[in-house]
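Raw coords.cif, mmCIF, N, CA and C atoms:
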```
data_coords
#
loop_
_atom_site.label_atom_id
_atom_site.label_comp_id
_atom_site.auth_asym_id
_atom_site.auth_seq_id
_atom_site.Cartn_x
_atom_site.Cartn_y
_atom_site.Cartn_z
N MET A 1 94.28 95.99 121.66
CA MET A 1 93.84 96.91 120.65
C MET A 1 94.07 98.36 121.05
N ARG A 2 94.38 98.61 122.27
CA ARG A 2 94.65 99.97 122.73
C ARG A 2 95.79 100.59 121.92
N ASP A 3 96.79 99.78 121.54
CA ASP A 3 97.93 100.30 120.78
C ASP A 3 97.56 100.69 119.36
N ILE A 4 96.54 100.09 118.79
CA ILE A 4 96.17 100.33 117.41
C ILE A 4 95.22 101.51 117.28
N ALA A 5 94.41 101.79 118.28
CA ALA A 5 93.37 102.81 118.21
C ALA A 5 93.86 104.18 117.72
N PRO A 6 95.02 104.69 118.14
CA PRO A 6 95.45 106.01 117.66
C PRO A 6 95.64 106.08 116.15
N HIS A 7 95.77 104.93 115.48
CA HIS A 7 96.02 104.91 114.05
C HIS A 7 94.73 104.80 113.24
N ALA A 8 93.58 104.73 113.91
CA ALA A 8 92.30 104.61 113.22
C ALA A 8 92.11 105.79 112.28
N GLY A 9 91.70 105.52 111.05
CA GLY A 9 91.47 106.57 110.07
C GLY A 9 92.69 106.92 109.24
N VAL A 10 93.87 106.55 109.67
CA VAL A 10 95.08 106.86 108.92
C VAL A 10 95.06 106.17 107.56
N ALA A 11 94.62 104.93 107.52
CA ALA A 11 94.60 104.18 106.26
C ALA A 11 93.75 104.88 105.22
N GLU A 12 92.59 105.35 105.62
CA GLU A 12 91.71 106.03 104.68
C GLU A 12 92.37 107.27 104.10
N ARG A 13 92.98 108.09 104.94
CA ARG A 13 93.57 109.34 104.47
C ARG A 13 94.80 109.09 103.59
N ILE A 14 95.68 108.22 104.01
CA ILE A 14 96.92 107.99 103.27
C ILE A 14 96.66 107.25 101.97
N SER A 15 95.99 106.11 102.03
CA SER A 15 95.82 105.29 100.85
C SER A 15 94.96 105.97 99.79
N ALA A 16 93.88 106.63 100.21
CA ALA A 16 93.01 107.29 99.24
C ALA A 16 93.77 108.40 98.52
N ALA A 17 94.54 109.18 99.25
CA ALA A 17 95.29 110.28 98.64
C ALA A 17 96.40 109.74 97.74
N ALA A 18 97.06 108.71 98.18
CA ALA A 18 98.22 108.21 97.45
C ALA A 18 97.84 107.44 96.19
N SER A 19 96.73 106.75 96.21
CA SER A 19 96.42 105.86 95.10
C SER A 19 95.30 106.36 94.22
N GLY A 20 94.73 107.50 94.53
CA GLY A 20 93.62 107.97 93.73
C GLY A 20 92.37 107.14 93.92
N ARG A 21 92.26 106.47 95.08
CA ARG A 21 91.12 105.63 95.44
C ARG A 21 90.96 104.41 94.53
N LEU A 22 92.01 103.97 93.89
CA LEU A 22 91.93 102.79 93.04
C LEU A 22 92.44 101.57 93.76
N ARG A 23 91.56 100.89 94.41
CA ARG A 23 91.85 99.66 95.12
C ARG A 23 93.12 99.75 95.96
N PRO A 24 93.22 100.73 96.83
CA PRO A 24 94.44 100.82 97.65
C PRO A 24 94.56 99.60 98.55
N GLU A 25 95.75 99.10 98.63
CA GLU A 25 96.01 98.00 99.53
C GLU A 25 96.34 98.57 100.90
N ARG A 26 95.60 98.16 101.89
CA ARG A 26 95.87 98.58 103.26
C ARG A 26 95.24 97.55 104.18
N TYR A 27 96.00 97.13 105.12
CA TYR A 27 95.51 96.12 106.04
C TYR A 27 96.42 96.05 107.25
N VAL A 28 95.90 95.43 108.29
CA VAL A 28 96.69 95.17 109.48
C VAL A 28 97.05 93.69 109.43
N LEU A 29 98.31 93.41 109.49
CA LEU A 29 98.81 92.04 109.45
C LEU A 29 99.22 91.61 110.85
N ALA A 30 98.64 90.53 111.31
CA ALA A 30 99.02 89.96 112.61
C ALA A 30 99.79 88.68 112.32
N ALA A 31 101.10 88.72 112.56
CA ALA A 31 101.95 87.55 112.32
C ALA A 31 101.98 86.69 113.57
N ARG A 32 101.61 85.46 113.39
CA ARG A 32 101.58 84.54 114.53
C ARG A 32 102.98 84.30 115.09
N THR A 33 103.02 83.67 116.20
CA THR A 33 104.29 83.41 116.88
C THR A 33 105.14 82.43 116.06
N GLN A 34 106.44 82.57 116.19
CA GLN A 34 107.39 81.69 115.52
C GLN A 34 107.10 81.58 114.02
N HIS A 35 106.74 82.70 113.38
CA HIS A 35 106.34 82.69 111.98
C HIS A 35 107.37 83.39 111.10
N ARG A 36 107.63 82.78 109.95
CA ARG A 36 108.52 83.39 108.96
C ARG A 36 107.75 83.56 107.66
N ASP A 37 107.78 84.79 107.12
CA ASP A 37 107.29 85.04 105.76
C ASP A 37 108.47 84.76 104.85
N PRO A 38 108.40 83.72 104.02
CA PRO A 38 109.55 83.37 103.19
C PRO A 38 109.85 84.47 102.16
N PRO A 39 111.06 84.45 101.59
CA PRO A 39 111.41 85.46 100.58
C PRO A 39 110.39 85.48 99.44
N HIS A 40 109.98 86.69 99.05
CA HIS A 40 109.03 86.86 97.96
C HIS A 40 109.21 88.25 97.35
N VAL A 41 108.56 88.49 96.20
CA VAL A 41 108.65 89.77 95.51
C VAL A 41 107.27 90.20 95.04
N GLY A 42 107.09 91.52 94.86
CA GLY A 42 105.85 92.06 94.30
C GLY A 42 105.90 92.01 92.78
N VAL A 43 104.79 92.41 92.15
CA VAL A 43 104.68 92.28 90.68
C VAL A 43 105.10 93.53 89.91
N ASN A 44 105.07 94.71 90.53
CA ASN A 44 105.51 95.91 89.83
C ASN A 44 105.86 96.99 90.84
N ASN A 45 106.55 98.01 90.36
CA ASN A 45 106.95 99.07 91.28
C ASN A 45 106.24 100.40 91.00
N ALA A 46 105.00 100.33 90.53
CA ALA A 46 104.20 101.55 90.35
C ALA A 46 103.82 102.12 91.72
N ARG A 47 103.92 101.29 92.71
CA ARG A 47 103.63 101.73 94.08
C ARG A 47 104.72 101.21 95.00
N LEU A 48 104.84 101.87 96.14
CA LEU A 48 105.76 101.43 97.18
C LEU A 48 104.93 100.96 98.35
N VAL A 49 105.52 100.16 99.20
CA VAL A 49 104.81 99.59 100.35
C VAL A 49 105.36 100.22 101.62
N CYS A 50 104.46 100.61 102.52
CA CYS A 50 104.86 101.15 103.81
C CYS A 50 104.43 100.20 104.91
N HIS A 51 105.34 99.91 105.82
CA HIS A 51 105.05 99.09 107.00
C HIS A 51 105.18 99.97 108.23
N LEU A 52 104.15 99.96 109.05
CA LEU A 52 104.16 100.69 110.32
C LEU A 52 103.95 99.66 111.43
N PRO A 53 105.02 99.27 112.12
CA PRO A 53 104.90 98.28 113.20
C PRO A 53 104.10 98.85 114.37
N LEU A 54 103.08 98.11 114.81
CA LEU A 54 102.24 98.54 115.92
C LEU A 54 102.54 97.78 117.20
N ILE A 55 102.69 96.48 117.08
CA ILE A 55 103.06 95.62 118.22
C ILE A 55 104.23 94.77 117.75
N VAL A 56 105.37 94.94 118.40
CA VAL A 56 106.59 94.28 117.94
C VAL A 56 107.33 93.61 119.09
N PRO A 57 107.25 92.30 119.17
CA PRO A 57 108.03 91.59 120.19
C PRO A 57 109.53 91.67 119.87
N GLU A 58 110.32 91.44 120.85
CA GLU A 58 111.78 91.43 120.72
C GLU A 58 112.21 90.40 119.66
N GLY A 59 113.17 90.78 118.82
CA GLY A 59 113.77 89.85 117.88
C GLY A 59 113.13 89.79 116.51
N CYS A 60 112.02 90.50 116.28
CA CYS A 60 111.36 90.48 114.97
C CYS A 60 112.19 91.28 113.97
N TRP A 61 112.36 90.74 112.76
CA TRP A 61 113.16 91.42 111.76
C TRP A 61 112.49 91.37 110.40
N PHE A 62 113.01 92.22 109.50
CA PHE A 62 112.51 92.34 108.14
C PHE A 62 113.70 92.57 107.22
N ARG A 63 113.73 91.86 106.10
CA ARG A 63 114.84 92.01 105.15
C ARG A 63 114.30 92.44 103.79
N VAL A 64 114.92 93.46 103.19
CA VAL A 64 114.66 93.87 101.81
C VAL A 64 116.01 93.87 101.12
N GLY A 65 116.14 93.03 100.08
CA GLY A 65 117.42 92.90 99.39
C GLY A 65 118.48 92.42 100.37
N ALA A 66 119.59 93.16 100.46
CA ALA A 66 120.68 92.77 101.35
C ALA A 66 120.60 93.43 102.72
N GLU A 67 119.56 94.25 102.95
CA GLU A 67 119.45 94.99 104.21
C GLU A 67 118.42 94.34 105.14
N THR A 68 118.87 94.04 106.34
CA THR A 68 117.98 93.47 107.38
C THR A 68 117.87 94.47 108.51
N ARG A 69 116.64 94.68 108.98
CA ARG A 69 116.38 95.60 110.09
C ARG A 69 115.53 94.90 111.14
N TYR A 70 115.72 95.31 112.37
CA TYR A 70 114.82 94.87 113.42
C TYR A 70 113.65 95.85 113.47
N TRP A 71 112.43 95.32 113.61
CA TRP A 71 111.25 96.15 113.69
C TRP A 71 111.32 97.00 114.96
N LYS A 72 110.84 98.23 114.87
CA LYS A 72 110.72 99.11 116.04
C LYS A 72 109.33 99.70 116.03
N ARG A 73 108.64 99.52 117.14
CA ARG A 73 107.26 100.00 117.24
C ARG A 73 107.16 101.48 116.87
N GLY A 74 106.23 101.79 115.98
CA GLY A 74 105.97 103.17 115.59
C GLY A 74 106.92 103.75 114.56
N GLU A 75 107.95 103.02 114.14
CA GLU A 75 108.90 103.50 113.14
C GLU A 75 108.59 102.87 111.79
N ALA A 76 107.92 103.63 110.95
CA ALA A 76 107.52 103.15 109.63
C ALA A 76 108.70 103.14 108.67
N PHE A 77 108.61 102.29 107.66
CA PHE A 77 109.58 102.34 106.57
C PHE A 77 108.87 101.98 105.27
N VAL A 78 109.41 102.52 104.18
CA VAL A 78 108.84 102.35 102.85
C VAL A 78 109.86 101.61 102.00
N PHE A 79 109.36 100.68 101.16
CA PHE A 79 110.28 99.94 100.30
C PHE A 79 109.60 99.54 99.00
N ASP A 80 110.41 99.22 98.02
CA ASP A 80 109.96 98.72 96.72
C ASP A 80 109.87 97.21 96.85
N ASP A 81 108.65 96.67 96.81
CA ASP A 81 108.53 95.23 97.07
C ASP A 81 108.84 94.37 95.85
N THR A 82 109.31 94.97 94.74
CA THR A 82 109.81 94.14 93.65
C THR A 82 111.21 93.63 93.99
N ILE A 83 111.78 94.16 95.06
CA ILE A 83 113.04 93.65 95.59
C ILE A 83 112.69 92.55 96.59
N GLU A 84 113.40 91.44 96.49
CA GLU A 84 113.09 90.30 97.38
C GLU A 84 113.09 90.75 98.83
N HIS A 85 112.07 90.28 99.57
CA HIS A 85 111.95 90.64 100.98
C HIS A 85 111.34 89.48 101.75
N GLU A 86 111.57 89.50 103.07
CA GLU A 86 111.05 88.46 103.96
C GLU A 86 110.98 89.03 105.37
N ALA A 87 110.24 88.35 106.24
CA ALA A 87 110.11 88.80 107.62
C ALA A 87 110.10 87.61 108.55
N MET A 88 110.45 87.87 109.81
CA MET A 88 110.48 86.79 110.80
C MET A 88 110.00 87.30 112.15
N ASN A 89 109.14 86.51 112.78
CA ASN A 89 108.74 86.74 114.17
C ASN A 89 109.18 85.51 114.96
N PRO A 90 110.39 85.56 115.54
CA PRO A 90 110.90 84.39 116.25
C PRO A 90 110.36 84.27 117.67
N SER A 91 109.52 85.20 118.08
CA SER A 91 109.05 85.25 119.47
C SER A 91 107.83 84.36 119.70
N ASP A 92 107.42 84.30 120.93
CA ASP A 92 106.20 83.59 121.32
C ASP A 92 105.03 84.55 121.47
N GLU A 93 105.17 85.75 120.89
CA GLU A 93 104.12 86.78 120.97
C GLU A 93 103.69 87.17 119.56
N LEU A 94 102.50 87.74 119.46
CA LEU A 94 101.94 88.21 118.20
C LEU A 94 102.65 89.49 117.76
N ARG A 95 102.95 89.60 116.46
CA ARG A 95 103.49 90.83 115.87
C ARG A 95 102.40 91.43 115.01
N VAL A 96 102.15 92.74 115.12
CA VAL A 96 101.09 93.40 114.35
C VAL A 96 101.69 94.58 113.60
N VAL A 97 101.44 94.62 112.28
CA VAL A 97 101.99 95.66 111.43
C VAL A 97 100.87 96.21 110.53
N PHE A 98 100.77 97.55 110.44
CA PHE A 98 99.86 98.20 109.52
C PHE A 98 100.60 98.38 108.21
N ILE A 99 100.04 97.86 107.11
CA ILE A 99 100.70 97.88 105.80
C ILE A 99 99.81 98.63 104.81
N PHE A 100 100.41 99.55 104.06
CA PHE A 100 99.65 100.25 103.03
C PHE A 100 100.55 100.63 101.87
N ASP A 101 99.94 100.82 100.69
CA ASP A 101 100.65 101.19 99.48
C ASP A 101 100.54 102.69 99.23
N VAL A 102 101.56 103.25 98.60
CA VAL A 102 101.54 104.63 98.12
C VAL A 102 102.08 104.62 96.68
N TRP A 103 101.66 105.59 95.89
CA TRP A 103 102.20 105.71 94.54
C TRP A 103 103.72 105.89 94.60
N HIS A 104 104.41 105.32 93.64
CA HIS A 104 105.85 105.54 93.53
C HIS A 104 106.06 107.03 93.23
N PRO A 105 106.92 107.73 93.98
CA PRO A 105 107.06 109.18 93.82
C PRO A 105 107.62 109.61 92.46
N ASP A 106 108.24 108.71 91.72
CA ASP A 106 108.80 109.07 90.42
C ASP A 106 107.76 109.03 89.30
N LEU A 107 106.55 108.53 89.58
CA LEU A 107 105.52 108.47 88.54
C LEU A 107 104.91 109.86 88.32
N THR A 108 104.73 110.21 87.06
CA THR A 108 104.05 111.46 86.72
C THR A 108 102.54 111.24 86.83
N ASP A 109 101.78 112.31 86.76
CA ASP A 109 100.32 112.19 86.78
C ASP A 109 99.84 111.35 85.60
N THR A 110 100.47 111.52 84.44
CA THR A 110 100.10 110.75 83.25
C THR A 110 100.36 109.26 83.47
N GLU A 111 101.50 108.94 84.07
CA GLU A 111 101.83 107.53 84.35
C GLU A 111 100.87 106.95 85.38
N ARG A 112 100.51 107.72 86.40
CA ARG A 112 99.54 107.24 87.38
C ARG A 112 98.20 106.96 86.71
N ALA A 113 97.80 107.84 85.80
CA ALA A 113 96.53 107.64 85.08
C ALA A 113 96.59 106.36 84.25
N ALA A 114 97.76 106.10 83.62
CA ALA A 114 97.91 104.88 82.82
C ALA A 114 97.83 103.63 83.70
N VAL A 115 98.47 103.69 84.85
CA VAL A 115 98.41 102.55 85.79
C VAL A 115 96.98 102.37 86.27
N ALA A 116 96.30 103.47 86.58
CA ALA A 116 94.91 103.40 87.04
C ALA A 116 94.03 102.77 85.96
N ALA A 117 94.27 103.12 84.70
CA ALA A 117 93.50 102.53 83.61
C ALA A 117 93.75 101.03 83.51
N LEU A 118 94.99 100.63 83.69
CA LEU A 118 95.32 99.21 83.67
C LEU A 118 94.60 98.47 84.77
N ILE A 119 94.60 99.05 85.96
CA ILE A 119 93.93 98.41 87.09
C ILE A 119 92.44 98.30 86.83
N GLY A 120 91.88 99.33 86.17
CA GLY A 120 90.45 99.33 85.90
C GLY A 120 90.04 98.42 84.76
N SER A 121 90.99 97.98 83.95
CA SER A 121 90.65 97.09 82.84
C SER A 121 90.41 95.68 83.35
N GLU A 122 89.72 94.89 82.58
CA GLU A 122 89.38 93.54 83.01
C GLU A 122 90.59 92.70 83.34
N GLY A 123 91.65 92.82 82.55
CA GLY A 123 92.85 92.02 82.80
C GLY A 123 93.78 92.61 83.84
N GLY A 124 93.52 93.84 84.27
CA GLY A 124 94.44 94.49 85.19
C GLY A 124 94.02 94.48 86.63
N VAL A 125 92.93 93.84 86.95
CA VAL A 125 92.47 93.82 88.34
C VAL A 125 93.54 93.22 89.23
N GLY A 126 93.91 93.97 90.23
CA GLY A 126 94.94 93.50 91.16
C GLY A 126 96.35 93.73 90.67
N ALA A 127 96.50 94.45 89.55
CA ALA A 127 97.84 94.65 88.99
C ALA A 127 98.71 95.57 89.83
N LEU A 128 98.08 96.44 90.61
CA LEU A 128 98.88 97.38 91.39
C LEU A 128 99.34 96.78 92.67
#
```
The structure in this file should be written as structure tokens.
Amino acid sequence: MRDIAPHAGVAERISAAASGRLRPERYVLAARTQHRDPPHVGVNNARLVCHLPLIVPEGCWFRVGAETRYWKRGEAFVFDDTIEHEAMNPSDELRVVFIFDVWHPDLTDTERAAVAALIGSEGGVGAL
């Protein structure tokens, strides 16, 4: 946990500012050894997803669309998760990544308000 401690509080500042405090998604994902997240897609692109690798064993990779990258500790990247993506931890060690959402930069304040209203409606819970 020594590696994660410097990032304490970052989630609160980034996610709250980026999402207007509307159910921001932020969590630390610990991928077990020899684990593959199969190809999948998100439901909308009103927000982008940021991954900040904290503990990264050798050989771990992440693919978005046709681009595959090897994880590098401390090097964050942002992507649109409506594009098919997957990840792999082929090692015998735990991989830990801090994941959080930010508003899509092309959304206007009016569009953000509309998305926020959708999320706040009964049928929109979890839509972002």
Problem set entry | Distance query segment 62-72 of chain A at most 6 Å, all atoms listed in the file, self and fewer than 5 positions along chain excluded, as a VMD selection string | chain A and resid 53 83 to 88
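The space separating atom N of Phe77 of chain A from atom CA of Gly59 of chain A comes to 16.9 Å.
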Exercise. Counting only N, CA and C atoms, which of A:Val43, A:Leu48, A:Ala114, A:Val28 gets nearest to Ile99 of chain A?
Worked result: A:Val28
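For the residues A:Cys50, A:Trp61, A:Pro90, A:Ile55, ranking by smallest atom-to-atom distance to Thr33 of chain A using all atoms listed in the file places A:Pro90 first.
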Residues in the PyMOL selection byres ((chain A and resi 51) around 8), expressed as a PDB file with N, CA and C atoms, keeping the file's coordinate frame:
```pdb
ATOM      1  N   LEU A  48     104.840 101.870  96.140  1.00  0.00           N
ATOM      2  CA  LEU A  48     105.760 101.430  97.180  1.00  0.00           C
ATOM      3  C   LEU A  48     104.930 100.960  98.350  1.00  0.00           C
ATOM      4  N   VAL A  49     105.520 100.160  99.200  1.00  0.00           N
ATOM      5  CA  VAL A  49     104.810  99.590 100.350  1.00  0.00           C
ATOM      6  C   VAL A  49     105.360 100.220 101.620  1.00  0.00           C
ATOM      7  N   CYS A  50     104.460 100.610 102.520  1.00  0.00           N
ATOM      8  CA  CYS A  50     104.860 101.150 103.810  1.00  0.00           C
ATOM      9  C   CYS A  50     104.430 100.200 104.910  1.00  0.00           C
ATOM     10  N   LEU A  52     104.150  99.960 109.050  1.00  0.00           N
ATOM     11  CA  LEU A  52     104.160 100.690 110.320  1.00  0.00           C
ATOM     12  C   LEU A  52     103.950  99.660 111.430  1.00  0.00           C
ATOM     13  N   PRO A  53     105.020  99.270 112.120  1.00  0.00           N
ATOM     14  CA  PRO A  53     104.900  98.280 113.200  1.00  0.00           C
ATOM     15  C   PRO A  53     104.100  98.850 114.370  1.00  0.00           C
ATOM     16  N   LEU A  54     103.080  98.110 114.810  1.00  0.00           N
ATOM     17  CA  LEU A  54     102.240  98.540 115.920  1.00  0.00           C
ATOM     18  C   LEU A  54     102.540  97.780 117.200  1.00  0.00           C
ATOM     19  N   GLY A  74     106.230 101.790 115.980  1.00  0.00           N
ATOM     20  CA  GLY A  74     105.970 103.170 115.590  1.00  0.00           C
ATOM     21  C   GLY A  74     106.920 103.750 114.560  1.00  0.00           C
ATOM     22  N   GLU A  75     107.950 103.020 114.140  1.00  0.00           N
ATOM     23  CA  GLU A  75     108.900 103.500 113.140  1.00  0.00           C
ATOM     24  C   GLU A  75     108.590 102.870 111.790  1.00  0.00           C
ATOM     25  N   ALA A  76     107.920 103.630 110.950  1.00  0.00           N
ATOM     26  CA  ALA A  76     107.520 103.150 109.630  1.00  0.00           C
ATOM     27  C   ALA A  76     108.700 103.140 108.670  1.00  0.00           C
ATOM     28  N   PHE A  77     108.610 102.290 107.660  1.00  0.00           N
ATOM     29  CA  PHE A  77     109.580 102.340 106.570  1.00  0.00           C
ATOM     30  C   PHE A  77     108.870 101.980 105.270  1.00  0.00           C
ATOM     31  N   VAL A  78     109.410 102.520 104.180  1.00  0.00           N
ATOM     32  CA  VAL A  78     108.840 102.350 102.850  1.00  0.00           C
ATOM     33  C   VAL A  78     109.860 101.610 102.000  1.00  0.00           C
ATOM     34  N   PHE A  79     109.360 100.680 101.160  1.00  0.00           N
ATOM     35  CA  PHE A  79     110.280  99.940 100.300  1.00  0.00           C
ATOM     36  C   PHE A  79     109.600  99.540  99.000  1.00  0.00           C
ATOM     37  N   VAL A  97     101.440  94.620 112.280  1.00  0.00           N
ATOM     38  CA  VAL A  97     101.990  95.660 111.430  1.00  0.00           C
ATOM     39  C   VAL A  97     100.870  96.210 110.530  1.00  0.00           C
ATOM     40  N   PHE A  98     100.770  97.550 110.440  1.00  0.00           N
ATOM     41  CA  PHE A  98      99.860  98.200 109.520  1.00  0.00           C
ATOM     42  C   PHE A  98     100.600  98.380 108.210  1.00  0.00           C
ATOM     43  N   ILE A  99     100.040  97.860 107.110  1.00  0.00           N
ATOM     44  CA  ILE A  99     100.700  97.880 105.800  1.00  0.00           C
ATOM     45  C   ILE A  99      99.810  98.630 104.810  1.00  0.00           C
ATOM     46  N   PHE A 100     100.410  99.550 104.060  1.00  0.00           N
ATOM     47  CA  PHE A 100      99.650 100.250 103.030  1.00  0.00           C
ATOM     48  C   PHE A 100     100.550 100.630 101.870  1.00  0.00           C
ATOM     49  N   ASP A 101      99.940 100.820 100.690  1.00  0.00           N
ATOM     50  CA  ASP A 101     100.650 101.190  99.480  1.00  0.00           C
ATOM     51  C   ASP A 101     100.540 102.690  99.230  1.00  0.00           C
TER      52      ASP A 101
END
```
Exercise. By how many Å are atom CA of Thr82 of chain A and atom CA of Gly42 of chain A apart?
Worked result: 4.5 Å
Problem set entry | Nearest to Asp81 of chain A by atom-to-atom distance, counting all atoms listed in the file, from A:Arg26, A:Pro38, A:Arg47, A:Ala31 | A:Arg47
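Note that the spacing between atom C of Asn44 of chain A and atom CA of Glu25 of chain A amounts to 13.2 Å.
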Problem set entry | Given the PyMOL selection byres ((chain A and resi 105) around 7), the residues it picks as a PyMOL selection string | chain A and resi 46-48+102-104+106-108
For this session: Run the PyMOL selection byres (((chain A and resi 94 and name CA) around 8) and name CA) mentally over the shown coordinates, then write out the matched residues as a ChimeraX atom specification, using the chain letters and numbers from the document.
Result: /A:30-33,55-57,91-93,95-96
Output N, CA and C atoms for every residue in that selection, as a PDB file, keeping the file's coordinate frame.
```
ATOM      1  N   ALA A  30      98.640  90.530 111.310  1.00  0.00           N
ATOM      2  CA  ALA A  30      99.020  89.960 112.610  1.00  0.00           C
ATOM      3  C   ALA A  30      99.790  88.680 112.320  1.00  0.00           C
ATOM      4  N   ALA A  31     101.100  88.720 112.560  1.00  0.00           N
ATOM      5  CA  ALA A  31     101.950  87.550 112.320  1.00  0.00           C
ATOM      6  C   ALA A  31     101.980  86.690 113.570  1.00  0.00           C
ATOM      7  N   ARG A  32     101.610  85.460 113.390  1.00  0.00           N
ATOM      8  CA  ARG A  32     101.580  84.540 114.530  1.00  0.00           C
ATOM      9  C   ARG A  32     102.980  84.300 115.090  1.00  0.00           C
ATOM     10  N   THR A  33     103.020  83.670 116.200  1.00  0.00           N
ATOM     11  CA  THR A  33     104.290  83.410 116.880  1.00  0.00           C
ATOM     12  C   THR A  33     105.140  82.430 116.060  1.00  0.00           C
ATOM     13  N   ILE A  55     102.690  96.480 117.080  1.00  0.00           N
ATOM     14  CA  ILE A  55     103.060  95.620 118.220  1.00  0.00           C
ATOM     15  C   ILE A  55     104.230  94.770 117.750  1.00  0.00           C
ATOM     16  N   VAL A  56     105.370  94.940 118.400  1.00  0.00           N
ATOM     17  CA  VAL A  56     106.590  94.280 117.940  1.00  0.00           C
ATOM     18  C   VAL A  56     107.330  93.610 119.090  1.00  0.00           C
ATOM     19  N   PRO A  57     107.250  92.300 119.170  1.00  0.00           N
ATOM     20  CA  PRO A  57     108.030  91.590 120.190  1.00  0.00           C
ATOM     21  C   PRO A  57     109.530  91.670 119.870  1.00  0.00           C
ATOM     22  N   SER A  91     109.520  85.200 118.080  1.00  0.00           N
ATOM     23  CA  SER A  91     109.050  85.250 119.470  1.00  0.00           C
ATOM     24  C   SER A  91     107.830  84.360 119.700  1.00  0.00           C
ATOM     25  N   ASP A  92     107.420  84.300 120.930  1.00  0.00           N
ATOM     26  CA  ASP A  92     106.200  83.590 121.320  1.00  0.00           C
ATOM     27  C   ASP A  92     105.030  84.550 121.470  1.00  0.00           C
ATOM     28  N   GLU A  93     105.170  85.750 120.890  1.00  0.00           N
ATOM     29  CA  GLU A  93     104.120  86.780 120.970  1.00  0.00           C
ATOM     30  C   GLU A  93     103.690  87.170 119.560  1.00  0.00           C
ATOM     31  N   ARG A  95     102.950  89.600 116.460  1.00  0.00           N
ATOM     32  CA  ARG A  95     103.490  90.830 115.870  1.00  0.00           C
ATOM     33  C   ARG A  95     102.400  91.430 115.010  1.00  0.00           C
ATOM     34  N   VAL A  96     102.150  92.740 115.120  1.00  0.00           N
ATOM     35  CA  VAL A  96     101.090  93.400 114.350  1.00  0.00           C
ATOM     36  C   VAL A  96     101.690  94.580 113.600  1.00  0.00           C
TER      37      VAL A  96
END
```
Problem set entry | DSSP-assigned strand (DSSP E or B) members of segment 22-109 of chain A, reported as number ranges by chain | A: 26-31, 35-40, 47-55, 61-64, 67-70, 77-79, 85-89, 95-103
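Distances from A:His40, A:Leu29, A:Asn89, A:His35 to Glu58 of chain A were compared using only N, CA and C atoms, and the smallest one belongs to A:Asn89.
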